[in-house]
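To start, the structure itself, in structure tokens.
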Amino acid sequence: MSLNAALVGQTVFFLLFVFIIFATVTSFILGKRKTSSPKIAACIGAMLGFVPPLALVYLVVLMFRADITSKEQSAA
């Protein structure tokens with residue numbers, strides 16, 4: 001069985017693309033609950049999605065961050 005290098009490259013690119021989308025959407029969802037600016041949180045998640053270990057650390061930090069109250073959300 002031969003392994004085509006182009007197929008491997010396309011597969012890695014596709015998986016990275018899927019991970020970037022996952023990191024962006026998850027950052028936005030967590031950013032809505034945990035920050036006053038979810039768009040910035042999503043942008044940071046998208047940029048860090050190119051380096052998956054950093055993106056995972058960022059998502060863990062967002063997960064363990066305390067939720068903001070509704071007063072803090074409306075003030076922003």
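Ligands are numbered from 1 in the order shown, residues from 1 within each chain, and chains are lettered A, B, ... in the order they appear in the structure tokens.
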
Skipping near chain neighbours, those fewer than 3 positions away, what residues fall within 10 Å of Phe50 in chain A using only C-alpha atoms, listed as JSON, numbers by chain?
{"A": [16, 17, 19, 20, 23, 45, 46, 47, 53, 54, 55]}

Just asking: which residues within range 3-54 of chain A are alpha helix (DSSP H) according to DSSP, as a PDB file with N, CA and C atoms, in the first residue's frame?
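Saved result, states-v8.pdb, follows:
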```pdb
ATOM      1  N   ALA A   5       1.670  11.528  -0.682  1.00  0.00           N
ATOM      2  CA  ALA A   5       2.010  12.697   0.136  1.00  0.00           C
ATOM      3  C   ALA A   5       0.981  13.810  -0.020  1.00  0.00           C
ATOM      4  N   ALA A   6       0.411  13.953  -1.192  1.00  0.00           N
ATOM      5  CA  ALA A   6      -0.597  14.992  -1.402  1.00  0.00           C
ATOM      6  C   ALA A   6      -1.842  14.705  -0.567  1.00  0.00           C
ATOM      7  N   LEU A   7      -2.207  13.446  -0.467  1.00  0.00           N
ATOM      8  CA  LEU A   7      -3.371  13.077   0.334  1.00  0.00           C
ATOM      9  C   LEU A   7      -3.116  13.360   1.813  1.00  0.00           C
ATOM     10  N   VAL A   8      -1.916  13.069   2.275  1.00  0.00           N
ATOM     11  CA  VAL A   8      -1.576  13.338   3.669  1.00  0.00           C
ATOM     12  C   VAL A   8      -1.616  14.843   3.935  1.00  0.00           C
ATOM     13  N   GLY A   9      -1.060  15.642   3.040  1.00  0.00           N
ATOM     14  CA  GLY A   9      -1.076  17.090   3.206  1.00  0.00           C
ATOM     15  C   GLY A   9      -2.479  17.660   3.212  1.00  0.00           C
ATOM     16  N   GLN A  10      -3.324  17.166   2.329  1.00  0.00           N
ATOM     17  CA  GLN A  10      -4.702  17.640   2.277  1.00  0.00           C
ATOM     18  C   GLN A  10      -5.465  17.246   3.538  1.00  0.00           C
ATOM     19  N   THR A  11      -5.190  16.062   4.046  1.00  0.00           N
ATOM     20  CA  THR A  11      -5.860  15.603   5.261  1.00  0.00           C
ATOM     21  C   THR A  11      -5.450  16.457   6.455  1.00  0.00           C
ATOM     22  N   VAL A  12      -4.154  16.727   6.582  1.00  0.00           N
ATOM     23  CA  VAL A  12      -3.679  17.568   7.680  1.00  0.00           C
ATOM     24  C   VAL A  12      -4.267  18.972   7.569  1.00  0.00           C
ATOM     25  N   PHE A  13      -4.292  19.532   6.368  1.00  0.00           N
ATOM     26  CA  PHE A  13      -4.872  20.864   6.164  1.00  0.00           C
ATOM     27  C   PHE A  13      -6.349  20.873   6.537  1.00  0.00           C
ATOM     28  N   PHE A  14      -7.091  19.860   6.128  1.00  0.00           N
ATOM     29  CA  PHE A  14      -8.518  19.782   6.442  1.00  0.00           C
ATOM     30  C   PHE A  14      -8.739  19.690   7.942  1.00  0.00           C
ATOM     31  N   LEU A  15      -7.947  18.852   8.632  1.00  0.00           N
ATOM     32  CA  LEU A  15      -8.107  18.711  10.077  1.00  0.00           C
ATOM     33  C   LEU A  15      -7.757  20.008  10.803  1.00  0.00           C
ATOM     34  N   LEU A  16      -6.738  20.713  10.329  1.00  0.00           N
ATOM     35  CA  LEU A  16      -6.393  22.002  10.921  1.00  0.00           C
ATOM     36  C   LEU A  16      -7.514  23.013  10.699  1.00  0.00           C
ATOM     37  N   PHE A  17      -8.088  23.019   9.506  1.00  0.00           N
ATOM     38  CA  PHE A  17      -9.203  23.915   9.193  1.00  0.00           C
ATOM     39  C   PHE A  17     -10.402  23.631  10.098  1.00  0.00           C
ATOM     40  N   VAL A  18     -10.719  22.368  10.297  1.00  0.00           N
ATOM     41  CA  VAL A  18     -11.837  21.993  11.175  1.00  0.00           C
ATOM     42  C   VAL A  18     -11.539  22.419  12.609  1.00  0.00           C
ATOM     43  N   PHE A  19     -10.284  22.243  13.050  1.00  0.00           N
ATOM     44  CA  PHE A  19      -9.931  22.637  14.414  1.00  0.00           C
ATOM     45  C   PHE A  19     -10.022  24.148  14.600  1.00  0.00           C
ATOM     46  N   ILE A  20      -9.628  24.916  13.604  1.00  0.00           N
ATOM     47  CA  ILE A  20      -9.710  26.378  13.699  1.00  0.00           C
ATOM     48  C   ILE A  20     -11.168  26.812  13.834  1.00  0.00           C
ATOM     49  N   ILE A  21     -12.049  26.193  13.064  1.00  0.00           N
ATOM     50  CA  ILE A  21     -13.478  26.510  13.167  1.00  0.00           C
ATOM     51  C   ILE A  21     -14.006  26.127  14.548  1.00  0.00           C
ATOM     52  N   PHE A  22     -13.609  24.957  15.034  1.00  0.00           N
ATOM     53  CA  PHE A  22     -14.026  24.508  16.373  1.00  0.00           C
ATOM     54  C   PHE A  22     -13.550  25.484  17.450  1.00  0.00           C
ATOM     55  N   ALA A  23     -12.294  25.893  17.386  1.00  0.00           N
ATOM     56  CA  ALA A  23     -11.741  26.814  18.384  1.00  0.00           C
ATOM     57  C   ALA A  23     -12.447  28.166  18.330  1.00  0.00           C
ATOM     58  N   THR A  24     -12.764  28.631  17.120  1.00  0.00           N
ATOM     59  CA  THR A  24     -13.435  29.925  16.973  1.00  0.00           C
ATOM     60  C   THR A  24     -14.847  29.890  17.547  1.00  0.00           C
ATOM     61  N   VAL A  25     -15.597  28.885  17.178  1.00  0.00           N
ATOM     62  CA  VAL A  25     -16.989  28.787  17.650  1.00  0.00           C
ATOM     63  C   VAL A  25     -17.036  28.565  19.156  1.00  0.00           C
ATOM     64  N   THR A  26     -16.170  27.702  19.663  1.00  0.00           N
ATOM     65  CA  THR A  26     -16.148  27.443  21.098  1.00  0.00           C
ATOM     66  C   THR A  26     -15.711  28.685  21.869  1.00  0.00           C
ATOM     67  N   SER A  27     -14.748  29.414  21.337  1.00  0.00           N
ATOM     68  CA  SER A  27     -14.311  30.653  21.990  1.00  0.00           C
ATOM     69  C   SER A  27     -15.434  31.674  22.022  1.00  0.00           C
ATOM     70  N   PHE A  28     -16.207  31.763  20.947  1.00  0.00           N
ATOM     71  CA  PHE A  28     -17.317  32.715  20.915  1.00  0.00           C
ATOM     72  C   PHE A  28     -18.395  32.328  21.927  1.00  0.00           C
ATOM     73  N   ILE A  29     -18.720  31.049  21.992  1.00  0.00           N
ATOM     74  CA  ILE A  29     -19.752  30.596  22.928  1.00  0.00           C
ATOM     75  C   ILE A  29     -19.312  30.828  24.366  1.00  0.00           C
ATOM     76  N   LEU A  30     -18.064  30.455  24.669  1.00  0.00           N
ATOM     77  CA  LEU A  30     -17.557  30.695  26.021  1.00  0.00           C
ATOM     78  C   LEU A  30     -17.399  32.191  26.281  1.00  0.00           C
ATOM     79  N   GLY A  31     -17.013  32.946  25.259  1.00  0.00           N
ATOM     80  CA  GLY A  31     -16.837  34.382  25.409  1.00  0.00           C
ATOM     81  C   GLY A  31     -18.130  35.105  25.727  1.00  0.00           C
ATOM     82  N   LYS A  32     -19.257  34.598  25.230  1.00  0.00           N
ATOM     83  CA  LYS A  32     -20.546  35.219  25.547  1.00  0.00           C
ATOM     84  C   LYS A  32     -20.856  35.110  27.033  1.00  0.00           C
ATOM     85  N   ARG A  33     -20.449  33.994  27.647  1.00  0.00           N
ATOM     86  CA  ARG A  33     -20.742  33.791  29.063  1.00  0.00           C
ATOM     87  C   ARG A  33     -19.669  34.335  29.982  1.00  0.00           C
ATOM     88  N   LYS A  34     -18.434  34.365  29.510  1.00  0.00           N
ATOM     89  CA  LYS A  34     -17.326  34.647  30.413  1.00  0.00           C
ATOM     90  C   LYS A  34     -16.679  36.016  30.226  1.00  0.00           C
ATOM     91  N   PRO A  38     -17.375  39.066  23.358  1.00  0.00           N
ATOM     92  CA  PRO A  38     -17.227  37.725  22.772  1.00  0.00           C
ATOM     93  C   PRO A  38     -16.580  37.721  21.394  1.00  0.00           C
ATOM     94  N   LYS A  39     -16.703  38.819  20.649  1.00  0.00           N
ATOM     95  CA  LYS A  39     -16.086  38.853  19.318  1.00  0.00           C
ATOM     96  C   LYS A  39     -14.569  38.845  19.419  1.00  0.00           C
ATOM     97  N   ILE A  40     -14.046  39.576  20.387  1.00  0.00           N
ATOM     98  CA  ILE A  40     -12.596  39.579  20.581  1.00  0.00           C
ATOM     99  C   ILE A  40     -12.131  38.205  21.055  1.00  0.00           C
ATOM    100  N   ALA A  41     -12.904  37.575  21.925  1.00  0.00           N
ATOM    101  CA  ALA A  41     -12.554  36.235  22.393  1.00  0.00           C
ATOM    102  C   ALA A  41     -12.543  35.249  21.227  1.00  0.00           C
ATOM    103  N   ALA A  42     -13.489  35.387  20.306  1.00  0.00           N
ATOM    104  CA  ALA A  42     -13.533  34.516  19.142  1.00  0.00           C
ATOM    105  C   ALA A  42     -12.360  34.768  18.201  1.00  0.00           C
ATOM    106  N   CYS A  43     -11.979  36.029  18.032  1.00  0.00           N
ATOM    107  CA  CYS A  43     -10.818  36.358  17.180  1.00  0.00           C
ATOM    108  C   CYS A  43      -9.534  35.788  17.759  1.00  0.00           C
ATOM    109  N   ILE A  44      -9.374  35.898  19.058  1.00  0.00           N
ATOM    110  CA  ILE A  44      -8.190  35.326  19.701  1.00  0.00           C
ATOM    111  C   ILE A  44      -8.199  33.809  19.540  1.00  0.00           C
ATOM    112  N   GLY A  45      -9.364  33.184  19.701  1.00  0.00           N
ATOM    113  CA  GLY A  45      -9.469  31.742  19.517  1.00  0.00           C
ATOM    114  C   GLY A  45      -9.157  31.313  18.100  1.00  0.00           C
ATOM    115  N   ALA A  46      -9.562  32.120  17.116  1.00  0.00           N
ATOM    116  CA  ALA A  46      -9.269  31.793  15.718  1.00  0.00           C
ATOM    117  C   ALA A  46      -7.776  31.899  15.432  1.00  0.00           C
ATOM    118  N   MET A  47      -7.138  32.938  15.963  1.00  0.00           N
ATOM    119  CA  MET A  47      -5.699  33.084  15.731  1.00  0.00           C
ATOM    120  C   MET A  47      -4.909  31.971  16.416  1.00  0.00           C
ATOM    121  N   LEU A  48      -5.321  31.637  17.633  1.00  0.00           N
ATOM    122  CA  LEU A  48      -4.622  30.570  18.341  1.00  0.00           C
ATOM    123  C   LEU A  48      -4.962  29.195  17.776  1.00  0.00           C
ATOM    124  N   PRO A  52      -2.626  24.472  17.678  1.00  0.00           N
ATOM    125  CA  PRO A  52      -3.614  23.775  18.509  1.00  0.00           C
ATOM    126  C   PRO A  52      -3.305  23.686  20.002  1.00  0.00           C
ATOM    127  N   PRO A  53      -2.055  23.446  20.429  1.00  0.00           N
ATOM    128  CA  PRO A  53      -1.846  23.409  21.891  1.00  0.00           C
ATOM    129  C   PRO A  53      -2.173  24.741  22.572  1.00  0.00           C
ATOM    130  N   LEU A  54      -1.827  25.846  21.933  1.00  0.00           N
ATOM    131  CA  LEU A  54      -2.149  27.152  22.510  1.00  0.00           C
ATOM    132  C   LEU A  54      -3.654  27.394  22.523  1.00  0.00           C
TER     133      LEU A  54
END
```

To one decimal in Å, tell me the separation between CA of Ser37 in chain A and CA of Arg65 in chain A.
14.0 Å

Just to confirm, what's the straight-line distance from CA of Thr35 in chain A to CA of Asp67 in chain A in Å (one decimal)?
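These two atoms are separated by 7.6 Å.
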